[in-house]
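First the structure, in the form of structure tokens, and then the observations on it.
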Amino acid sequence: MQIRDDRLNRNFALIAAAITLVIIYGTLYPFHFHESADSEGPVGALLKTWRGPFGRGDFVANMLLYLPFGLFWVQTLRRWPPIARVAFVVFSGLALSAGIELIQFYEPGRVSSLSDVYSNALGVVAGSVAGVILSSRPFSWRAGTMGRRPFVVLLISCWLGYRLFPYVPVIDLHKYWTSVKPLVFSPVLPPLDLYRHAVIWLAVALLLEALFGVAGSRVALLLLLPLVLFARVLIVDAVLSPAEVAGGALAALVWCGFLSRAQSRAPVIAVLFAGAVVIEGLRPFQFSAAAHPFGWIPFAGFMRGSVEVNVRAFFEKVFTYGTLTWLIARAGSKLTLAVALGTVLVLCLRLGQVFLPGRSAEITDPIMVLILAGVMTQMRENPRRVEAVVDQRG
């Protein structure tokens, strides 16, 4: 048992170290530092921003950026008392965030702000507390089916993360009406959108099966679908589309009606999901004769644009590429083959995007597939092990 715990701690340490490197890389890229003309210096410039400004989207996004830092680092210190673990990790996260903000003073195009430190610190606190709770005896990672499948929980969490972003509900009847109005007036069902939403819900159903078994997945899906749709009505800026409502309903009908009982459900959903990835990668299918450059700098696209948009896109990509690899392995392939197939598919799609105006063709997505495969391995996820759960609970 001690050897198993030490191996688990090392796995979490590797993931936590990778998260730290990603934070440093993402917040300091492109590493072009210059002397600043501001006479106050980095500390004075940073302290001057103690009152904000506070942007809702940026605040939430920066909090989410550091939440995994706290969640995984606190898991590596299981032999420490809970309060000491949280205090050490929070202090480390706070030092990392403040240090990065001070360094950004010397990087043109970056803005140092204490509001980022506040939100980063809250993310570390939330992640650390959640990590301590999950590692305690009643909620152990090893206790129960959900505890044995942290990677599946991660995928579902990322899916909810991008569907429910920015997680800010509002009390506004006009907003509620705006959210559902497309369902009432001139509802349009683009076939490709309907296909995409239905397939994603089927993939979620198969992930739920890994957690709760076949019978439990039907109940979980029927509960989760209306909850997610209702939550999107409440969340600011979210609007329901006829395709997502009809696609979810169609997926629930297909899964509960017959697909959950079919022996070939995993291969069928894997093929359908791969098709959805291909469609999304090549839309709008308007190719140009001249190719634009392919980006070889990892995560360059995430370094540009709004933090709010980038965080939501990151959640979506983690769910998409993690689920793609998981589904291929769940369908019967060895994990190494599933990773190879997923990486090759995503790389081909990104290479094809050089002929799609407006699409960002870069190496980031294939690298994300490989990183997620590493996370899956470190979390000891074996998609084909689902069969044992199916046999016991089906």
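In the structure tokens, the first chain shown is A, the next is B, and so on; residue numbers restart at 1 for each chain, and ligands run from 1 in the order shown.
Taking only C-alpha atoms, the non-local environment of Glu381 (chain A) within 7 Å (same-chain residues fewer than 3 positions away omitted) comprises Arg149, Phe151, Met376 and Thr377 of chain A.
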Take the residues from that selection and put them in a file with N, CA, C and O atoms, as a short mmCIF file (atom, residue, chain, number, x, y, z; two decimals), in the first residue's frame.
```
data_model
loop_
_atom_site.label_atom_id
_atom_site.label_comp_id
_atom_site.auth_asym_id
_atom_site.auth_seq_id
_atom_site.Cartn_x
_atom_site.Cartn_y
_atom_site.Cartn_z
N ARG A 149 -11.73 6.65 -11.07
CA ARG A 149 -11.69 7.17 -12.43
C ARG A 149 -11.56 8.70 -12.43
O ARG A 149 -12.43 9.41 -12.96
N PHE A 151 -9.69 10.59 -14.16
CA PHE A 151 -9.55 11.17 -15.50
C PHE A 151 -10.92 11.35 -16.15
O PHE A 151 -11.15 12.36 -16.83
N MET A 376 -3.63 10.97 -18.50
CA MET A 376 -4.43 9.76 -18.37
C MET A 376 -3.61 8.61 -17.77
O MET A 376 -4.06 7.89 -16.88
N THR A 377 -2.37 8.50 -18.24
CA THR A 377 -1.50 7.44 -17.74
C THR A 377 -1.14 7.69 -16.28
O THR A 377 -1.16 6.76 -15.46
#
```
Next item on the list: From a DSSP pass on the backbone, collect the residues of region 168-388 of chain A flagged as helix (DSSP H, G or I) and hand them back as a ChimeraX atom specification.
Entry: /A:173-184,191-234,242-257,259-261,265-282,300-303,307-330,335-355,364-378,383-388
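The interatomic distance for the pair CA of Gly26 (chain A) and CA of Val278 (chain A) works out to 27.2 Å.
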Checklist line | Residue contacts of region 330-337 of chain A (12 Å, only C-alpha atoms) excluding same-chain residues fewer than 3 positions away, as a ChimeraX atom specification | finding: /A:152,203,206-207,209-210,263-273,322-327,340-344,369-370,372-374,376-377,380-387
Check: Can you tell me how far CA of Arg110 (chain A) sits from CA of Arg312 (chain A), in Å to one decimal?
Finding: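 A separation of 20.6 Å between them.
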Next item on the list: Would you mind listing what lies within 10 Å of region 241-243 of chain A as a list of chain:residue names, with only C-alpha atoms counted and same-chain residues fewer than 4 positions away left out?
Entry: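 Counting only the stated atoms, we get A:Ser179, A:Val180, A:Lys181, A:Pro182, A:Leu183, A:Val184, A:Ser186, A:Pro187, A:Val188, A:Leu189, A:Pro190, A:Pro191, A:Leu192, A:Asp193, A:Leu194, A:Tyr195, A:Arg196, A:His197, A:Ala198, A:Gly247, A:Gly248, A:Ala249.
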